[in-house]
>>> print(open('target33.txt').read())   # compact mmCIF, N, CA and C atoms
# COMPACT_ATOMS: atom_id res chain seq x y z
N MET A 2 0.82 -1.18 0.00
CA MET A 2 0.00 0.00 0.00
C MET A 2 0.86 1.25 0.00
N ARG A 3 1.99 1.13 0.73
CA ARG A 3 2.93 2.24 0.72
C ARG A 3 3.52 2.45 -0.66
N VAL A 4 3.84 1.40 -1.32
CA VAL A 4 4.42 1.47 -2.65
C VAL A 4 3.40 2.09 -3.59
N LYS A 5 2.18 1.64 -3.45
CA LYS A 5 1.11 2.17 -4.29
C LYS A 5 0.90 3.65 -4.00
N SER A 6 0.90 4.02 -2.76
CA SER A 6 0.72 5.40 -2.34
C SER A 6 1.89 6.25 -2.81
N SER A 7 3.08 5.74 -2.73
CA SER A 7 4.28 6.45 -3.18
C SER A 7 4.25 6.62 -4.70
N ALA A 8 3.80 5.62 -5.44
CA ALA A 8 3.70 5.72 -6.89
C ALA A 8 2.68 6.77 -7.28
N GLN A 9 1.57 6.79 -6.57
CA GLN A 9 0.55 7.81 -6.85
C GLN A 9 1.08 9.21 -6.53
N ALA A 10 1.83 9.36 -5.49
CA ALA A 10 2.40 10.66 -5.13
C ALA A 10 3.37 11.13 -6.21
N ARG A 11 4.19 10.19 -6.74
CA ARG A 11 5.11 10.55 -7.84
C ARG A 11 4.33 10.96 -9.09
N LYS A 12 3.29 10.21 -9.36
CA LYS A 12 2.47 10.52 -10.52
C LYS A 12 1.82 11.91 -10.37
N ILE A 13 1.37 12.18 -9.17
CA ILE A 13 0.76 13.49 -8.90
C ILE A 13 1.80 14.59 -9.07
N GLU A 14 3.01 14.36 -8.57
CA GLU A 14 4.09 15.34 -8.71
C GLU A 14 4.43 15.56 -10.19
N GLU A 15 4.49 14.47 -10.96
CA GLU A 15 4.78 14.59 -12.40
C GLU A 15 3.68 15.38 -13.10
N LEU A 16 2.43 15.08 -12.76
CA LEU A 16 1.31 15.80 -13.37
C LEU A 16 1.33 17.29 -12.97
N GLU A 17 1.65 17.56 -11.71
CA GLU A 17 1.74 18.95 -11.27
C GLU A 17 2.87 19.67 -11.98
N ALA A 18 4.00 18.98 -12.18
CA ALA A 18 5.14 19.59 -12.88
C ALA A 18 4.76 19.87 -14.33
N ARG A 19 4.10 18.89 -15.00
CA ARG A 19 3.67 19.08 -16.39
C ARG A 19 2.65 20.21 -16.47
N LEU A 20 1.75 20.24 -15.50
CA LEU A 20 0.73 21.29 -15.46
C LEU A 20 1.38 22.65 -15.27
N ALA A 21 2.36 22.74 -14.38
CA ALA A 21 3.07 24.01 -14.15
C ALA A 21 3.80 24.43 -15.41
N SER A 22 4.39 23.47 -16.13
CA SER A 22 5.09 23.77 -17.38
C SER A 22 4.11 24.29 -18.44
N GLU A 23 2.97 23.62 -18.57
CA GLU A 23 1.95 24.05 -19.53
C GLU A 23 1.41 25.43 -19.17
N LEU A 24 1.22 25.65 -17.86
CA LEU A 24 0.74 26.95 -17.40
C LEU A 24 1.74 28.05 -17.73
N ALA A 25 3.02 27.78 -17.53
CA ALA A 25 4.06 28.76 -17.84
C ALA A 25 4.08 29.06 -19.35
N LYS A 26 3.94 28.01 -20.18
CA LYS A 26 3.89 28.21 -21.63
C LYS A 26 2.69 29.06 -22.02
N ALA A 27 1.54 28.76 -21.42
CA ALA A 27 0.32 29.50 -21.74
C ALA A 27 0.45 30.96 -21.31
N LYS A 28 1.03 31.19 -20.13
CA LYS A 28 1.23 32.57 -19.68
C LYS A 28 2.17 33.31 -20.62
N SER A 29 3.24 32.64 -21.01
CA SER A 29 4.21 33.26 -21.92
C SER A 29 3.56 33.60 -23.26
N GLU A 30 2.78 32.67 -23.78
CA GLU A 30 2.09 32.91 -25.05
C GLU A 30 1.07 34.03 -24.92
N ALA A 31 0.38 34.08 -23.81
CA ALA A 31 -0.61 35.13 -23.58
C ALA A 31 0.07 36.49 -23.49
N GLU A 32 1.20 36.57 -22.82
CA GLU A 32 1.93 37.83 -22.72
C GLU A 32 2.44 38.28 -24.09
N LYS A 33 2.93 37.31 -24.88
CA LYS A 33 3.41 37.62 -26.23
C LYS A 33 2.26 38.14 -27.10
N THR A 34 1.12 37.46 -27.04
CA THR A 34 -0.06 37.87 -27.81
C THR A 34 -0.55 39.24 -27.36
N LYS A 35 -0.54 39.49 -26.05
CA LYS A 35 -0.97 40.79 -25.54
C LYS A 35 -0.02 41.89 -26.02
N ALA A 36 1.27 41.64 -26.01
CA ALA A 36 2.24 42.63 -26.48
C ALA A 36 2.03 42.94 -27.96
N GLU A 37 1.78 41.91 -28.76
CA GLU A 37 1.51 42.11 -30.20
C GLU A 37 0.22 42.91 -30.39
N ALA A 38 -0.81 42.57 -29.63
CA ALA A 38 -2.09 43.28 -29.74
C ALA A 38 -1.92 44.74 -29.32
N ASP A 39 -1.17 44.98 -28.25
CA ASP A 39 -0.93 46.36 -27.82
C ASP A 39 -0.19 47.16 -28.89
N ALA A 40 0.77 46.53 -29.56
CA ALA A 40 1.51 47.21 -30.63
C ALA A 40 0.58 47.55 -31.79
N ILE A 41 -0.29 46.61 -32.15
CA ILE A 41 -1.24 46.85 -33.25
C ILE A 41 -2.21 47.96 -32.87
N VAL A 42 -2.71 47.95 -31.64
CA VAL A 42 -3.63 48.99 -31.17
C VAL A 42 -2.93 50.35 -31.21
N ALA A 43 -1.68 50.40 -30.79
CA ALA A 43 -0.94 51.67 -30.81
C ALA A 43 -0.80 52.20 -32.23
N ILE A 44 -0.53 51.30 -33.17
CA ILE A 44 -0.41 51.71 -34.57
C ILE A 44 -1.74 52.25 -35.08
N TYR A 45 -2.83 51.54 -34.80
CA TYR A 45 -4.15 52.00 -35.24
C TYR A 45 -4.53 53.32 -34.59
N ARG A 46 -4.21 53.49 -33.33
CA ARG A 46 -4.50 54.76 -32.67
C ARG A 46 -3.73 55.90 -33.34
N ALA A 47 -2.46 55.67 -33.63
CA ALA A 47 -1.66 56.70 -34.30
C ALA A 47 -2.25 57.02 -35.67
N ASP A 48 -2.68 55.97 -36.39
CA ASP A 48 -3.30 56.19 -37.70
C ASP A 48 -4.59 57.00 -37.59
N VAL A 49 -5.39 56.68 -36.59
CA VAL A 49 -6.66 57.41 -36.39
C VAL A 49 -6.38 58.86 -36.05
N GLU A 50 -5.42 59.10 -35.17
CA GLU A 50 -5.08 60.48 -34.81
C GLU A 50 -4.57 61.25 -36.02
N ALA A 51 -3.73 60.61 -36.84
CA ALA A 51 -3.23 61.27 -38.04
C ALA A 51 -4.37 61.56 -39.01
N ALA A 52 -5.29 60.62 -39.15
CA ALA A 52 -6.44 60.83 -40.04
C ALA A 52 -7.32 61.96 -39.53
N GLN A 53 -7.49 62.06 -38.21
CA GLN A 53 -8.29 63.14 -37.65
C GLN A 53 -7.63 64.50 -37.90
N VAL A 54 -6.31 64.55 -37.76
CA VAL A 54 -5.60 65.80 -38.03
C VAL A 54 -5.75 66.18 -39.50
N GLN A 55 -5.58 65.20 -40.38
CA GLN A 55 -5.74 65.47 -41.81
C GLN A 55 -7.15 65.93 -42.14
N ALA A 56 -8.14 65.32 -41.52
CA ALA A 56 -9.53 65.71 -41.77
C ALA A 56 -9.79 67.13 -41.29
N ARG A 57 -9.24 67.48 -40.11
CA ARG A 57 -9.40 68.85 -39.60
C ARG A 57 -8.73 69.85 -40.55
N GLU A 58 -7.51 69.53 -40.99
CA GLU A 58 -6.80 70.43 -41.90
C GLU A 58 -7.54 70.57 -43.22
N ALA A 59 -8.07 69.46 -43.73
CA ALA A 59 -8.83 69.51 -44.98
C ALA A 59 -10.08 70.37 -44.83
N ALA A 60 -10.75 70.24 -43.70
CA ALA A 60 -11.95 71.05 -43.45
C ALA A 60 -11.60 72.52 -43.36
N GLU A 61 -10.51 72.83 -42.67
CA GLU A 61 -10.08 74.23 -42.56
C GLU A 61 -9.70 74.78 -43.94
N THR A 62 -8.99 73.98 -44.73
CA THR A 62 -8.60 74.40 -46.07
C THR A 62 -9.83 74.63 -46.93
N ALA A 63 -10.79 73.73 -46.85
CA ALA A 63 -12.01 73.88 -47.64
C ALA A 63 -12.78 75.12 -47.22
N GLN A 64 -12.83 75.37 -45.93
CA GLN A 64 -13.54 76.55 -45.43
C GLN A 64 -12.85 77.82 -45.90
N THR A 65 -11.54 77.85 -45.81
CA THR A 65 -10.79 79.03 -46.27
C THR A 65 -10.97 79.24 -47.76
N ARG A 66 -10.89 78.15 -48.51
CA ARG A 66 -11.05 78.26 -49.97
C ARG A 66 -12.46 78.74 -50.32
N ALA A 67 -13.47 78.24 -49.62
CA ALA A 67 -14.85 78.67 -49.87
C ALA A 67 -14.99 80.17 -49.59
N TYR A 68 -14.35 80.64 -48.54
CA TYR A 68 -14.39 82.08 -48.22
C TYR A 68 -13.81 82.89 -49.38
N TRP A 69 -12.63 82.48 -49.87
CA TRP A 69 -11.98 83.25 -50.93
C TRP A 69 -12.73 83.14 -52.25
N ILE A 70 -13.38 82.02 -52.49
CA ILE A 70 -14.18 81.88 -53.71
C ILE A 70 -15.38 82.83 -53.64
N ALA A 71 -15.99 82.95 -52.47
CA ALA A 71 -17.10 83.89 -52.30
C ALA A 71 -16.61 85.33 -52.49
N GLU A 72 -15.44 85.63 -51.94
CA GLU A 72 -14.85 86.97 -52.12
C GLU A 72 -14.58 87.23 -53.59
N LEU A 73 -14.08 86.23 -54.31
CA LEU A 73 -13.81 86.39 -55.74
C LEU A 73 -15.10 86.68 -56.50
N ALA A 74 -16.17 85.98 -56.15
CA ALA A 74 -17.45 86.22 -56.82
C ALA A 74 -17.93 87.65 -56.58
N GLN A 75 -17.73 88.14 -55.36
CA GLN A 75 -18.11 89.53 -55.07
C GLN A 75 -17.27 90.51 -55.89
N CYS A 76 -15.97 90.24 -55.99
CA CYS A 76 -15.09 91.12 -56.77
C CYS A 76 -15.48 91.12 -58.24
N GLN A 77 -15.78 89.93 -58.78
CA GLN A 77 -16.18 89.85 -60.18
C GLN A 77 -17.50 90.61 -60.41
N TYR A 78 -18.43 90.46 -59.49
CA TYR A 78 -19.70 91.15 -59.61
C TYR A 78 -19.49 92.67 -59.58
N ARG A 79 -18.64 93.14 -58.68
CA ARG A 79 -18.37 94.58 -58.58
C ARG A 79 -17.72 95.09 -59.87
N ARG A 80 -16.72 94.33 -60.37
CA ARG A 80 -16.05 94.75 -61.61
C ARG A 80 -17.04 94.79 -62.76
N GLU A 81 -17.87 93.76 -62.88
CA GLU A 81 -18.84 93.72 -63.97
C GLU A 81 -19.83 94.88 -63.87
N THR A 82 -20.23 95.20 -62.65
CA THR A 82 -21.14 96.33 -62.44
C THR A 82 -20.47 97.63 -62.87
N LEU A 83 -19.22 97.82 -62.47
CA LEU A 83 -18.48 99.03 -62.87
C LEU A 83 -18.34 99.10 -64.38
N GLU A 84 -18.05 97.96 -65.02
CA GLU A 84 -17.92 97.94 -66.48
C GLU A 84 -19.24 98.26 -67.16
N GLU A 85 -20.33 97.78 -66.58
CA GLU A 85 -21.65 98.08 -67.14
C GLU A 85 -21.96 99.57 -67.03
N ILE A 86 -21.65 100.15 -65.87
CA ILE A 86 -21.87 101.59 -65.68
C ILE A 86 -20.97 102.37 -66.63
N HIS A 87 -19.71 101.91 -66.79
CA HIS A 87 -18.78 102.56 -67.70
C HIS A 87 -19.33 102.51 -69.14
N GLY A 88 -19.93 101.37 -69.46
CA GLY A 88 -20.51 101.22 -70.80
C GLY A 88 -21.66 102.17 -71.05
N ARG A 89 -22.24 102.72 -70.01
CA ARG A 89 -23.35 103.67 -70.16
C ARG A 89 -22.86 105.11 -70.23
N GLY A 90 -21.54 105.28 -70.26
CA GLY A 90 -21.03 106.62 -70.48
C GLY A 90 -20.33 107.25 -69.31
N PHE A 91 -20.21 106.59 -68.20
CA PHE A 91 -19.50 107.16 -67.06
C PHE A 91 -18.05 106.71 -67.10
N ASP A 92 -17.14 107.64 -66.78
CA ASP A 92 -15.71 107.31 -66.82
C ASP A 92 -15.31 106.66 -65.48
N LEU A 93 -15.27 105.36 -65.48
CA LEU A 93 -14.90 104.59 -64.29
C LEU A 93 -13.66 103.74 -64.56
N THR A 94 -12.82 104.21 -65.49
CA THR A 94 -11.66 103.43 -65.90
C THR A 94 -10.75 103.10 -64.72
N ASN A 95 -10.44 104.08 -63.88
CA ASN A 95 -9.55 103.84 -62.74
C ASN A 95 -10.16 102.85 -61.75
N GLU A 96 -11.45 103.00 -61.47
CA GLU A 96 -12.11 102.09 -60.55
C GLU A 96 -12.13 100.67 -61.09
N ILE A 97 -12.33 100.55 -62.41
CA ILE A 97 -12.35 99.22 -63.03
C ILE A 97 -10.98 98.58 -62.96
N VAL A 98 -9.93 99.37 -63.20
CA VAL A 98 -8.57 98.84 -63.12
C VAL A 98 -8.28 98.36 -61.69
N LYS A 99 -8.67 99.16 -60.71
CA LYS A 99 -8.46 98.77 -59.31
C LYS A 99 -9.27 97.52 -58.98
N ALA A 100 -10.49 97.46 -59.47
CA ALA A 100 -11.34 96.29 -59.22
C ALA A 100 -10.73 95.04 -59.83
N ARG A 101 -10.15 95.17 -61.04
CA ARG A 101 -9.50 94.02 -61.68
C ARG A 101 -8.28 93.57 -60.89
N GLU A 102 -7.51 94.53 -60.40
CA GLU A 102 -6.33 94.18 -59.60
C GLU A 102 -6.75 93.45 -58.33
N HIS A 103 -7.76 93.98 -57.66
CA HIS A 103 -8.25 93.35 -56.43
C HIS A 103 -8.80 91.95 -56.75
N GLU A 104 -9.51 91.84 -57.86
CA GLU A 104 -10.06 90.56 -58.27
C GLU A 104 -8.95 89.55 -58.54
N ALA A 105 -7.86 90.00 -59.16
CA ALA A 105 -6.73 89.10 -59.44
C ALA A 105 -6.08 88.63 -58.14
N GLU A 106 -5.94 89.55 -57.17
CA GLU A 106 -5.36 89.17 -55.88
C GLU A 106 -6.23 88.14 -55.16
N VAL A 107 -7.53 88.40 -55.13
CA VAL A 107 -8.45 87.48 -54.46
C VAL A 107 -8.51 86.16 -55.23
N GLY A 108 -8.46 86.25 -56.55
CA GLY A 108 -8.47 85.03 -57.37
C GLY A 108 -7.28 84.14 -57.08
N ALA A 109 -6.13 84.76 -56.85
CA ALA A 109 -4.94 83.98 -56.51
C ALA A 109 -5.13 83.28 -55.16
N LEU A 110 -5.80 83.93 -54.23
CA LEU A 110 -6.04 83.31 -52.93
C LEU A 110 -7.12 82.22 -53.01
N ALA A 111 -8.03 82.37 -53.97
CA ALA A 111 -9.14 81.42 -54.09
C ALA A 111 -8.73 80.13 -54.76
N THR A 112 -7.63 80.15 -55.50
CA THR A 112 -7.19 78.94 -56.19
C THR A 112 -5.95 78.39 -55.53
N SER A 113 -5.83 77.09 -55.53
CA SER A 113 -4.63 76.47 -54.96
C SER A 113 -3.56 76.41 -56.03
N ASP A 114 -2.35 76.00 -55.65
CA ASP A 114 -1.22 75.95 -56.57
C ASP A 114 -1.48 75.05 -57.76
N ASP A 115 -2.18 73.94 -57.55
CA ASP A 115 -2.41 73.01 -58.65
C ASP A 115 -3.52 73.48 -59.58
N ASP A 116 -4.23 74.54 -59.22
CA ASP A 116 -5.29 75.08 -60.07
C ASP A 116 -4.81 76.28 -60.89
N ASP A 117 -3.54 76.66 -60.80
CA ASP A 117 -3.05 77.85 -61.48
C ASP A 117 -3.19 77.77 -62.99
N ASP A 118 -3.08 76.59 -63.58
CA ASP A 118 -3.13 76.46 -65.02
C ASP A 118 -4.51 76.81 -65.58
N ASP A 119 -5.55 76.52 -64.84
CA ASP A 119 -6.90 76.79 -65.33
C ASP A 119 -7.65 77.74 -64.41
N GLY A 120 -6.92 78.71 -63.82
CA GLY A 120 -7.52 79.66 -62.90
C GLY A 120 -8.53 80.56 -63.57
N SER A 121 -9.27 81.29 -62.77
CA SER A 121 -10.31 82.16 -63.32
C SER A 121 -9.68 83.34 -64.03
N LYS A 122 -10.43 83.88 -65.00
CA LYS A 122 -9.93 85.01 -65.78
C LYS A 122 -10.62 86.29 -65.33
N SER A 123 -9.85 87.35 -65.22
CA SER A 123 -10.45 88.64 -64.93
C SER A 123 -10.87 89.27 -66.25
N GLY A 124 -11.48 90.43 -66.17
CA GLY A 124 -11.96 91.10 -67.37
C GLY A 124 -10.86 91.41 -68.36
N SER A 125 -9.69 91.83 -67.88
CA SER A 125 -8.60 92.17 -68.80
C SER A 125 -8.07 90.92 -69.48
N GLU A 126 -8.12 89.78 -68.82
CA GLU A 126 -7.68 88.56 -69.45
C GLU A 126 -8.69 88.08 -70.48
N ASN A 127 -9.92 88.54 -70.37
CA ASN A 127 -10.96 88.19 -71.32
C ASN A 127 -10.94 89.10 -72.54
N GLY A 128 -10.02 90.05 -72.59
CA GLY A 128 -9.91 90.94 -73.73
C GLY A 128 -10.70 92.22 -73.58
N GLU A 129 -11.15 92.54 -72.40
CA GLU A 129 -11.93 93.75 -72.17
C GLU A 129 -11.01 94.83 -71.59
N GLU A 130 -10.18 95.42 -72.41
CA GLU A 130 -9.23 96.44 -71.97
C GLU A 130 -9.91 97.80 -71.90
N LEU A 131 -9.64 98.55 -70.85
CA LEU A 131 -10.14 99.90 -70.69
C LEU A 131 -8.95 100.79 -70.32
N ASP A 132 -8.09 101.06 -71.24
CA ASP A 132 -6.90 101.85 -70.94
C ASP A 132 -6.95 103.23 -71.56
N GLY A 133 -8.12 103.71 -71.93
CA GLY A 133 -8.25 105.03 -72.49
C GLY A 133 -8.24 105.03 -74.01
N GLU A 134 -7.80 103.95 -74.64
CA GLU A 134 -7.78 103.89 -76.10
C GLU A 134 -9.16 103.61 -76.66
N GLU A 135 -10.00 103.03 -75.85
CA GLU A 135 -11.31 102.64 -76.29
C GLU A 135 -12.34 103.64 -75.75
N ALA A 136 -13.09 104.25 -76.61
CA ALA A 136 -14.08 105.22 -76.16
C ALA A 136 -15.44 104.54 -76.13
N SER A 137 -16.10 104.67 -75.00
CA SER A 137 -17.43 104.08 -74.92
C SER A 137 -18.45 105.11 -75.36
N PRO A 138 -19.63 104.67 -75.78
CA PRO A 138 -20.64 105.60 -76.27
C PRO A 138 -21.05 106.57 -75.17
N GLY A 139 -21.11 107.84 -75.54
CA GLY A 139 -21.57 108.86 -74.62
C GLY A 139 -20.54 109.20 -73.56
N GLU A 140 -19.25 108.92 -73.79
CA GLU A 140 -18.23 109.19 -72.78
C GLU A 140 -18.06 110.68 -72.54
N ASP A 141 -18.39 111.49 -73.53
CA ASP A 141 -18.22 112.93 -73.40
C ASP A 141 -19.41 113.56 -72.67
N GLN A 142 -20.44 112.78 -72.35
CA GLN A 142 -21.62 113.31 -71.71
C GLN A 142 -21.38 113.46 -70.20
N GLU A 143 -22.11 114.37 -69.62
CA GLU A 143 -22.03 114.57 -68.17
C GLU A 143 -22.83 113.47 -67.49
N PRO A 144 -22.41 112.99 -66.35
CA PRO A 144 -23.18 111.96 -65.64
C PRO A 144 -24.43 112.50 -65.02
>>> encode(input="target33.txt", output="structure tokens")
Amino acid sequence: MRVKSSAQARKIEELEARLASELAKAKSEAEKTKAEADAIVAIYRADVEAAQVQAREAAETAQTRAYWIAELAQCQYRRETLEEIHGRGFDLTNEIVKAREHEAEVGALATSDDDDDDGSKSGSENGEELDGEEASPGEDQEP
């Protein structure tokens, strides 16, 4: 009975040793998997933060560009109005030239660098020169 009891005790010790070994392997594997998962999570978090920054910058850029496009539309409308009044016989040549210059400045702000090739045209670029060589009807009349 002692021999049997001693054999069972050895078997129990062997099983406990094997169990402790398996437990150590499982803990090691779990720690390795957790470290890999933490690294992946850190990468995804960094990617999300970078994407959020890019989205904010894109929104700010779009908002700024929309502002300058609206300003450009106002400048074009003002220039066209001045040209229409000039066409009715009022001498607004200087105001039109200033309006075109302002429109060109705002137009440059409204377009990005990659849009320069097909940017908007001001009145002078459209061939509507008002440099004093062209007399409009009724220019000699009083306003």
>>> atom_distance(input="target33.txt", atom1="atom N of Ile70 (chain A)", atom2="atom N of Asp92 (chain A)")
29.6 Å
>>> atom_distance(input="target33.txt", atom1="atom C of Arg46 (chain A)", atom2="atom C of Ser29 (chain A)")
25.5 Å
>>> atom_distance(input="target33.txt", atom1="atom C of Arg11 (chain A)", atom2="atom N of Glu23 (chain A)")
15.9 Å
>>> residues_around(input="target33.txt", residues="Ala111 (chain A)", least_positions_apart="2", cutoff="6 Å", atoms="only C-alpha atoms", output="ChimeraX atom specification")
/A:66,69-70,108-109
